[in-house]
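**Q** For reference, this is target.txt, and it has compact mmCIF, C-alpha atoms.
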# COMPACT_ATOMS: atom_id res chain seq x y z
CA MET A 796 22.60 -5.40 -3.66
CA SER A 797 20.35 -2.35 -3.65
CA VAL A 798 17.54 -0.44 -1.92
CA TRP A 799 14.66 0.94 -4.00
CA THR A 800 11.94 1.34 -1.35
CA ASP A 801 11.42 1.49 2.39
CA TYR A 802 9.35 -1.71 2.37
CA ASP A 803 10.82 -4.36 0.05
CA PRO A 804 12.06 -7.37 2.10
CA LEU A 805 14.80 -6.06 4.40
CA LYS A 806 18.11 -7.93 4.40
CA GLU A 807 20.65 -5.61 6.04
CA ILE A 808 20.35 -2.60 8.32
CA ILE A 809 22.50 -0.20 10.33
CA ILE A 810 21.26 0.57 13.85
CA GLY A 811 22.78 3.57 15.63
CA SER A 812 25.16 3.38 18.57
CA ILE A 813 25.70 5.43 21.69
CA PRO A 814 28.72 5.55 24.00
CA THR A 815 28.85 4.81 27.70
CA PRO A 816 28.20 7.71 30.10
CA GLU A 817 31.91 7.83 30.94
CA TYR A 818 32.62 9.05 27.42
CA PHE A 819 30.83 12.32 28.18
CA SER A 820 32.84 13.13 31.30
CA ASN A 821 35.23 15.31 29.26
CA PHE A 822 32.40 17.32 27.69
CA LEU A 823 29.64 17.76 30.26
CA LYS A 824 29.39 19.23 33.71
CA PRO A 825 29.01 16.60 36.46
CA ASP A 826 25.44 17.60 37.37
CA ILE A 827 24.31 17.31 33.75
CA LEU A 828 26.14 14.01 33.27
CA GLU A 829 24.39 12.64 36.35
CA VAL A 830 20.98 13.35 34.85
CA LEU A 831 22.00 12.16 31.38
CA THR A 832 23.47 8.82 32.57
CA PRO A 833 20.19 6.86 32.94
CA ILE A 834 18.99 8.25 29.59
CA ILE A 835 22.14 6.91 27.89
CA LYS A 836 21.95 3.52 29.61
CA GLU A 837 18.29 2.99 28.71
CA THR A 838 18.95 4.10 25.13
CA ASN A 839 21.78 1.58 24.77
CA GLU A 840 19.61 -1.23 26.14
CA ASP A 841 16.80 -0.37 23.75
CA LEU A 842 19.13 -0.15 20.75
CA ASN A 843 20.38 -3.65 21.57
CA LYS A 844 16.80 -4.88 21.79
CA PHE A 845 16.08 -3.28 18.41
CA ALA A 846 19.08 -5.12 16.94
CA ASN A 847 17.95 -8.43 18.46
CA ILE A 848 14.48 -8.07 16.94
CA CYS A 849 16.02 -7.46 13.51
CA THR A 850 18.28 -10.48 13.87
CA SER A 851 15.37 -12.69 14.93
CA LEU A 852 13.57 -11.67 11.73
CA GLY A 853 16.53 -12.71 9.58
CA VAL A 854 18.02 -9.25 9.05
CA LYS A 855 21.79 -8.71 9.26
CA VAL A 856 22.60 -5.85 11.64
CA TYR A 857 25.56 -3.46 11.48
CA ARG A 858 26.49 -1.08 14.30
CA PRO A 859 28.68 2.01 13.78
CA LYS A 860 31.76 2.59 15.91
CA VAL A 861 31.69 5.08 18.75
CA LEU A 862 34.90 7.08 18.32
CA ASP A 863 36.79 8.17 21.42
CA PHE A 864 37.11 11.96 21.29
CA ARG A 865 38.95 13.11 24.39
CA GLU A 866 38.07 16.80 24.25
CA PRO A 867 36.19 19.41 22.23
CA LEU A 868 37.73 20.37 18.89
CA ARG A 869 38.28 23.87 17.51
CA LEU A 870 38.20 24.12 13.72
CA PRO A 871 38.37 27.19 11.47
CA GLY A 872 35.15 29.12 12.04
CA PHE A 873 33.44 26.71 14.43
CA LYS A 874 33.92 24.44 17.41
CA ILE A 875 32.84 20.84 17.90
CA LYS A 876 31.79 21.04 21.54
CA ASN A 877 30.32 17.56 21.98
CA PRO A 878 31.23 15.15 19.14
CA ILE A 879 27.93 13.39 18.74
CA SER A 880 27.52 9.64 18.84
CA PRO A 881 26.39 7.89 15.62
CA LEU A 882 22.86 7.49 16.93
CA VAL A 883 20.67 8.71 14.06
CA PRO A 884 22.10 7.57 10.69
CA ARG A 885 18.91 8.40 8.78
CA ASP A 886 19.67 12.14 8.89
CA SER A 887 22.98 12.14 7.06
CA TYR A 888 22.95 9.00 4.94
CA LEU A 889 20.84 7.48 2.19
CA VAL A 890 21.22 4.16 0.40
CA TYR A 891 19.29 4.36 -2.85
CA GLY A 892 19.75 1.85 -5.62
CA ASN A 893 23.29 0.58 -5.13
CA THR A 894 24.72 3.95 -4.08
CA ILE A 895 25.50 5.25 -0.59
CA TYR A 896 24.96 9.01 -0.30
CA SER A 897 26.67 10.77 2.59
CA SER A 898 25.77 14.35 3.48
CA TYR A 899 26.62 17.04 6.01
CA THR A 900 24.05 18.91 8.08
CA SER A 901 24.40 22.26 9.82
CA MET A 902 25.18 20.57 13.14
CA ALA A 903 28.83 21.08 14.05
CA ASP A 904 28.74 18.17 16.47
CA ARG A 905 28.01 15.80 13.55
CA TRP A 906 30.86 17.07 11.36
CA LEU A 907 33.02 13.98 12.06
CA GLU A 908 30.17 11.50 12.34
CA SER A 909 30.93 9.75 9.03
CA LEU A 910 34.11 8.31 10.55
CA SER A 911 31.91 6.07 12.69
CA PHE A 912 30.27 4.57 9.58
CA TYR A 913 33.43 4.37 7.48
CA ASP A 914 34.12 0.65 7.96
CA ILE A 915 30.52 -0.32 7.18
CA PHE A 916 30.37 1.76 4.03
CA MET A 917 33.81 0.52 2.97
CA GLU A 918 32.59 -3.08 3.25
CA LYS A 919 29.59 -2.23 1.07
CA PHE A 920 31.85 -0.39 -1.41
CA VAL A 921 34.06 -3.48 -1.75
CA GLU A 922 30.92 -5.55 -2.36
CA GLY A 923 30.04 -3.31 -5.30
CA TYR A 924 28.08 -0.33 -3.94
CA ASN A 925 29.02 3.14 -5.11
CA TRP A 926 29.78 5.69 -2.39
CA LEU A 927 29.35 9.45 -2.81
CA SER A 928 29.74 12.27 -0.31
CA THR A 929 28.91 15.96 -0.44
CA PRO A 930 31.92 18.32 -0.15
CA VAL A 931 33.20 18.95 3.36
CA PRO A 932 31.68 22.27 4.56
CA GLN A 933 33.09 24.90 6.86
CA LEU A 934 30.32 25.55 9.36
CA LYS A 935 29.71 28.31 11.89
CA ASP A 936 29.30 28.29 15.64
CA PHE A 937 25.72 28.05 16.78
CA ARG A 938 24.06 30.88 18.62
CA PRO A 939 21.89 29.32 21.33
CA ASP A 940 20.25 32.67 21.98
CA THR A 941 18.58 32.46 18.56
CA GLN A 942 17.12 29.02 19.32
CA TRP A 943 18.47 27.77 16.02
CA TYR A 944 16.85 24.37 16.44
CA THR A 945 13.41 25.88 15.97
CA HIS A 946 14.51 28.22 13.18
CA GLY A 947 16.07 25.77 10.77
CA GLY A 948 14.82 27.69 7.77
CA ASP A 949 16.96 30.68 8.72
CA ARG A 950 19.92 28.46 9.52
CA TYR A 951 19.85 26.77 6.10
CA GLY A 952 18.24 29.49 4.05
CA VAL A 953 20.29 32.47 5.21
CA GLU A 954 23.24 31.75 7.48
CA LEU A 955 24.62 28.70 5.63
CA LYS A 956 22.93 29.03 2.25
CA ASP A 957 26.30 28.97 0.45
CA LYS A 958 27.05 25.45 1.77
CA ILE A 959 26.03 22.07 0.34
CA LEU A 960 24.05 20.72 3.30
CA TRP A 961 21.28 18.17 3.33
CA HIS A 962 19.16 15.92 5.58
CA CYS A 963 18.64 12.61 3.77
CA ALA A 964 15.62 11.92 5.98
CA THR A 965 13.71 14.45 3.87
CA MET A 966 13.72 11.86 1.04
CA TYR A 967 11.35 8.90 0.73
CA LYS A 968 12.37 6.04 -1.58
CA CYS A 969 9.63 4.95 -3.97
CA GLY A 970 11.10 2.85 -6.78
CA ASP A 971 12.41 5.06 -9.57
CA SER A 972 11.24 8.15 -7.66
CA LEU A 973 12.20 10.06 -4.54
CA ILE A 974 9.46 11.97 -2.73
CA ILE A 975 11.09 14.95 -1.03
CA ASN A 976 9.85 17.50 1.45
CA SER A 977 10.19 20.69 -0.51
CA SER A 978 11.92 22.91 2.03
CA GLY A 979 14.58 20.98 3.83
CA PRO A 980 16.07 20.80 6.23
CA GLY A 981 18.96 21.51 3.93
CA THR A 982 20.17 24.20 1.55
CA LYS A 983 19.11 24.63 -2.05
CA LEU A 984 22.67 23.71 -2.99
CA GLY A 985 22.25 20.49 -1.04
CA TYR A 986 19.08 19.69 -2.99
CA ASP A 987 20.85 20.50 -6.26
CA TRP A 988 23.76 18.21 -5.36
CA MET A 989 21.42 15.32 -4.65
CA GLN A 990 19.47 15.82 -7.86
CA ARG A 991 22.57 16.11 -10.05
CA ASN A 992 23.98 12.90 -8.61
CA MET A 993 20.74 11.00 -9.32
CA PRO A 994 20.16 11.87 -13.00
CA ASP A 995 17.86 8.88 -13.64
CA THR A 996 15.63 9.53 -10.63
CA LYS A 997 12.33 11.40 -10.59
CA PHE A 998 12.28 14.01 -7.82
CA ILE A 999 8.74 14.56 -6.57
CA LYS A 1000 8.28 17.50 -4.20
CA ASN A 1001 5.94 16.99 -1.26
CA SER A 1002 4.90 20.58 -0.64
CA ASN A 1003 1.69 20.09 1.33
CA LYS A 1004 2.65 18.84 4.82
CA PRO A 1005 4.00 18.71 7.46
CA HIS A 1006 4.89 22.33 8.13
CA LYS A 1007 4.41 23.21 4.46
CA GLY A 1008 7.00 20.69 3.36
CA TRP A 1009 9.51 21.41 6.12
CA GLY A 1010 11.15 18.60 8.04
CA HIS A 1011 11.75 14.88 7.70
CA ILE A 1012 9.34 12.90 5.59
CA ASP A 1013 9.28 9.65 7.61
CA GLN A 1014 7.06 10.98 10.37
CA PHE A 1015 3.47 10.22 9.52
CA PHE A 1016 3.15 7.56 6.82
CA PHE A 1017 4.75 4.39 5.43
CA GLN A 1018 4.07 1.72 2.82
CA THR A 1019 3.95 -2.06 3.06
CA ASP A 1020 3.72 -2.71 -0.70
CA ASP A 1021 3.45 -0.79 -3.96
CA ASN A 1022 -0.24 -0.03 -3.44
CA THR A 1023 -0.74 0.27 0.33
CA VAL A 1024 -0.08 3.31 2.51
CA PHE A 1025 -0.59 3.52 6.28
CA CYS A 1026 -0.70 6.86 8.08
CA THR A 1027 -1.57 8.54 11.35
CA ASN A 1028 -3.34 11.29 9.47
CA LYS A 1029 -4.14 11.63 5.76
CA ASN A 1030 -3.23 15.31 5.94
CA TYR A 1031 0.43 14.24 6.08
CA VAL A 1032 0.35 11.81 3.15
CA PRO A 1033 2.01 13.09 -0.07
CA ASP A 1034 -0.43 14.09 -2.78
CA VAL A 1035 1.05 11.58 -5.20
CA PHE A 1036 -0.57 8.84 -3.10
CA LEU A 1037 -3.84 10.60 -2.29
CA ASN A 1038 -4.51 11.66 -5.89
CA ASN A 1039 -3.96 8.20 -7.38
CA SER A 1040 -6.76 5.64 -7.06
CA LYS A 1041 -4.20 2.84 -7.26
CA PHE A 1042 -3.16 3.49 -3.64
CA LYS A 1043 -5.19 2.33 -0.65
CA VAL A 1044 -4.55 4.71 2.22
CA HIS A 1045 -5.38 3.43 5.72
CA GLU A 1046 -5.55 5.95 8.58
CA PHE A 1047 -4.92 4.78 12.17
CA GLY A 1048 -4.39 7.95 14.20
CA HIS A 1049 -7.62 7.36 16.13
CA LEU A 1050 -6.21 4.09 17.52
CA ILE A 1051 -3.07 5.42 19.15
CA LYS A 1052 -2.45 7.38 22.30
CA ASP A 1053 -1.38 11.01 22.45
CA VAL A 1054 -0.41 12.05 18.92
CA ASP A 1055 -0.03 15.76 19.65
CA MET A 1056 3.71 15.94 19.10
CA LYS A 1057 3.87 19.61 20.08
CA GLN A 1058 3.22 18.56 23.68
CA TYR A 1059 6.03 16.07 24.10
CA GLU A 1060 8.84 18.54 24.79
CA HIS A 1061 6.80 20.43 27.33
CA ARG A 1062 5.67 17.17 28.91
CA LEU A 1063 9.23 15.86 29.29
CA ALA A 1064 10.42 19.13 30.75
CA GLN A 1065 7.74 18.97 33.42
CA THR A 1066 8.06 15.33 34.53
CA ASP A 1067 9.01 15.87 38.18
CA GLY A 1068 12.52 16.91 37.32
CA LYS A 1069 13.25 13.77 35.31
CA TYR A 1070 14.97 15.90 32.69
CA SER A 1071 16.11 18.66 34.98
CA ILE A 1072 19.26 20.78 35.05
CA GLU A 1073 17.63 23.35 32.80
CA TRP A 1074 16.32 20.78 30.35
CA ILE A 1075 19.71 19.11 30.16
CA ASP A 1076 21.47 22.43 29.70
CA GLU A 1077 19.39 23.41 26.68
CA TRP A 1078 19.60 19.84 25.39
CA ILE A 1079 23.40 19.90 25.28
CA ASP A 1080 23.46 22.83 22.86
CA GLU A 1081 24.17 21.47 19.38
CA TRP A 1082 23.23 17.92 20.28
CA ARG A 1083 19.66 18.76 19.66
CA GLY A 1084 18.28 18.35 16.15
CA PHE A 1085 15.49 20.35 14.60
CA ALA A 1086 12.02 20.20 16.14
CA GLN A 1087 10.85 17.52 13.72
CA GLU A 1088 7.93 16.50 15.97
CA VAL A 1089 8.36 12.85 15.13
CA ALA A 1090 5.17 10.77 15.22
CA PHE A 1091 6.73 7.72 16.83
CA ASP A 1092 3.85 5.37 15.97
CA SER A 1093 4.43 5.81 12.24
CA ASN A 1094 8.23 6.13 12.43
CA VAL A 1095 8.68 2.42 11.75
CA VAL A 1096 10.97 -0.07 10.03
CA VAL A 1097 9.09 -2.25 7.56
CA VAL A 1098 10.89 -5.60 7.47
CA ASP A 1099 8.50 -7.01 4.88
CA SER A 1100 4.79 -6.83 4.06
CA LYS A 1101 3.95 -8.94 7.14
CA ASN A 1102 6.38 -7.64 9.79
CA ILE A 1103 6.89 -4.09 11.03
CA ILE A 1104 9.19 -2.94 13.85
CA VAL A 1105 7.59 -0.11 15.82
CA THR A 1106 8.93 2.29 18.41
CA ASN A 1107 6.36 1.63 21.13
CA GLU A 1108 3.75 -0.96 21.98
CA GLN A 1109 0.15 0.03 21.23
CA PRO A 1110 -2.24 -2.93 21.82
CA ALA A 1111 -5.14 -1.41 19.88
CA LEU A 1112 -2.86 -0.65 16.94
CA SER A 1113 -1.34 -4.12 17.05
CA ASN A 1114 -4.77 -5.76 16.92
CA TRP A 1115 -5.82 -3.54 14.04
CA PHE A 1116 -2.75 -4.44 11.96
CA LYS A 1117 -3.46 -8.14 12.53
CA GLU A 1118 -6.56 -7.65 10.38
CA PHE A 1119 -4.15 -6.93 7.52
CA GLY A 1120 -2.03 -9.98 8.34
CA ILE A 1121 0.73 -7.76 9.74
CA THR A 1122 2.62 -8.36 13.00
CA LEU A 1123 4.02 -5.41 14.92
CA HIS A 1124 7.28 -5.90 16.82
CA PRO A 1125 7.67 -3.17 19.49
CA VAL A 1126 11.07 -2.00 20.71
CA ASN A 1127 9.50 0.13 23.46
CA LEU A 1128 12.09 2.86 23.09
CA ARG A 1129 12.04 4.65 26.42
CA GLN A 1130 14.04 7.75 25.47
CA GLY A 1131 12.78 8.44 21.96
CA GLY A 1132 11.36 11.74 23.14
CA PHE A 1133 14.73 12.93 24.37
CA TRP A 1134 16.49 12.11 21.09
CA ASP A 1135 13.47 13.20 19.02
CA GLY A 1136 13.48 9.97 17.03
CA GLY A 1137 11.78 6.63 16.49
CA VAL A 1138 13.18 3.33 15.20
CA HIS A 1139 13.24 4.57 11.60
CA CYS A 1140 15.32 7.60 12.60
CA LEU A 1141 17.72 5.38 14.54
CA SER A 1142 18.45 3.08 11.61
CA LEU A 1143 19.44 2.95 7.95
CA ASP A 1144 18.41 0.14 5.61
CA ILE A 1145 21.31 -0.79 3.35
CA LYS A 1146 20.03 -3.87 1.52
CA ARG A 1147 16.55 -4.95 0.45
CA ASP A 1148 15.25 -7.40 -2.10
CA GLY A 1149 13.34 -5.79 -4.94
CA GLU A 1150 13.87 -4.21 -8.33
CA LYS A 1151 13.85 -0.63 -9.58
CA ARG A 1152 10.34 0.04 -10.85
CA ASN A 1153 7.71 2.69 -11.42
CA ILE A 1154 5.45 2.99 -8.36
CA VAL A 1155 3.95 6.50 -8.43
Take the structure in the file and write it out as structure tokens.
**A**
Amino acid sequence: MSVWTDYDPLKEIIIGSIPTPEYFSNFLKPDILEVLTPIIKETNEDLNKFANICTSLGVKVYRPKVLDFREPLRLPGFKIKNPISPLVPRDSYLVYGNTIYSSYTSMADRWLESLSFYDIFMEKFVEGYNWLSTPVPQLKDFRPDTQWYTHGGDRYGVELKDKILWHCATMYKCGDSLIINSSGPGTKLGYDWMQRNMPDTKFIKNSNKPHKGWGHIDQFFFQTDDNTVFCTNKNYVPDVFLNNSKFKVHEFGHLIKDVDMKQYEHRLAQTDGKYSIEWIDEWIDEWRGFAQEVAFDSNVVVVDSKNIIVTNEQPALSNWFKEFGITLHPVNLRQGGFWDGGVHCLSLDIKRDGEKRNIV
């Protein structure tokens, strides 16, 4: 009844949910909804496929509820324009040891998201998990003219620095240690809250890459056991692995297709109007997360040391992993670029076999 790594044998997982297109009719203009509808339908189909793969590998799957908000909500100081679906649990939640940590981000549209996960976390609490949440913050309306989604440092470091805000996807579970990207996304108070509520955990700052420690940490590397690291590029592997001869680091970036993540947004915006209506009306304002530039081929769910669920199918990569005795199970997520997330982003592991131990 615990989770100490991202690679011990997986037993239970949460996979995100998304509502039907009709849900959005109260929030979006008809022309935008028309363009968004096939994106939503394909996403739902792929999420179901993801869940079926997990089930076939013996993993119990939970799905959060999609709550029925009928209209935008005005709260003191900010407005929830489009209450977001519980699609990306990795951002706001962390299960480490036998404790569920729930956080708030700067995104107003995610302010009520925890209600979608309440029943799942309550079931785990009754089973014996602890359940902690950061204090409820009062946020501020976004200013689209400032392109906040590409200036997260200002958002967290200046505008909302007096709030306890945190992205749990900045934290990588490694036994008795958490490797953490050193500069968010999140406030210093959010980092302090996490550290104070994990007094027996070693916090190891990953200050080298990507973006000088900014962003989510699950983009470019993963482990399959205590001594093996796979990565698209060694430049993005935390120093605690590279500087320790115990770890074997295998690089596979040369085997995959386009890995220049800076191109994906431009590419999607130019695909014959596929994502038209002014790039889905500036990506539905607050719906958009930070420009994490997710490397989808390394944003994976490790079921165990022999089975890995991947976002997309890459034949050359699949053949290469077979040399290690590892089978890749592709979801072929068609709209990962739109949501800026791979299968790891879209899920949250809540139970794995394995003990607390020193790894790094």
**Q** One number please: CA of Asp1021 in chain A to CA of Ser1040 in chain A, in Å, one decimal.
**A**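 CA of Ser1040 in chain A lies 12.5 Å from CA of Asp1021 in chain A.
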**Q** Residues within 12 Å of (33.7, 11.4, 10.4), file coordinates, counting all atoms listed in the file: what are they? Give the list as a list in words.
**A**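 With a cut-off of 12 Å, the residues come to Pro859, Lys860, Val861, Leu862, Asp863, Phe864, Pro878, Ile879, Ser880, Pro881, Ser887, Ser897, Ser898, Tyr899, Ala903, Asp904, Arg905, Trp906, Leu907, Glu908, Ser909, Leu910, Ser911, Phe912, Tyr913, Asp914, Ser928 and Val931 of chain A.
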**Q** Measuring atom to atom with only C-alpha atoms, identify which of A:Asp801, A:Val1126, A:Ile848, A:Pro814 is nearest to Thr832 in chain A.
**A**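 Ranking A:Asp801, A:Val1126, A:Ile848, A:Pro814 by distance to Thr832 in chain A, first place goes to A:Pro814.
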**Q** Would you please work out which residue, of A:Thr900, A:Gln1130, A:Asn1022, A:Thr1027, is nearest to Asn1039 in chain A when using only C-alpha atoms?
**A**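 Checking each of A:Thr900, A:Gln1130, A:Asn1022, A:Thr1027 against Asn1039 in chain A, counting only C-alpha atoms, the winner is A:Asn1022.
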**Q** Would you please work out which residue, of A:Glu954, A:Asp987, A:Asp1144, A:Asp995, is nearest to Asp971 in chain A when using only C-alpha atoms?
**A**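 Using only C-alpha atoms, the shortest distance to Asp971 in chain A belongs to A:Asp995.
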**Q** What's the 6 Å shell around Thr894 in chain A, counting only C-alpha atoms, without same-chain residues fewer than 5 positions away, as a PyMOL selection string?
**A** chain A and resi 924-926
**Q** Neighbouring residues of Asp803 in chain A were defined as those with any atom within 12 Å, considering only C-alpha atoms; residues of the same chain fewer than 5 positions away were excluded. Please report them as a PyMOL selection string.
**A** chain A and resi 797-798+968-970+1017-1021+1096-1103+1144-1152
**Q** Please measure the separation of CA of Asp949 in chain A and CA of Gly985 in chain A, giving the value in Å to one decimal.
**A**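 Separation between CA of Asp949 in chain A and CA of Gly985 in chain A: 15.1 Å.
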**Q** Rounded to one decimal place, report the CA of Pro994 in chain A-CA of Val1035 in chain A distance in Å.
**A** 20.6 Å
**Q** Just give me the residues with any atom within 8 Å of (-6.7, 4.0, 5.5), file coordinates, counting all atoms listed in the file, written as a list in words.
**A** Val1024, Phe1025, Cys1026, Lys1043, Val1044, His1045, Glu1046 and Phe1047 of chain A
**Q** Choose the residue, out of A:Ile813, A:Met796, A:Phe1091, A:Arg869, that has the smallest atom-to-atom separation from Gly1132 in chain A; count all atoms listed in the file.
**A**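 Ranking A:Ile813, A:Met796, A:Phe1091, A:Arg869 by distance to Gly1132 in chain A, first place goes to A:Phe1091.
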**Q** Point out the residue among A:Asn847, A:Asn976, A:Ile808, A:Gln1109 with the least atom-to-atom distance to Phe916 in chain A, counting only C-alpha atoms.
**A** A:Ile808
**Q** Have a look at A:His1139, A:Lys935, A:His1011, A:Arg858 and name the one nearest to Tyr802 in chain A; count all atoms listed in the file.
**A**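 Closest to Tyr802 in chain A, using all atoms listed in the file: A:His1139.
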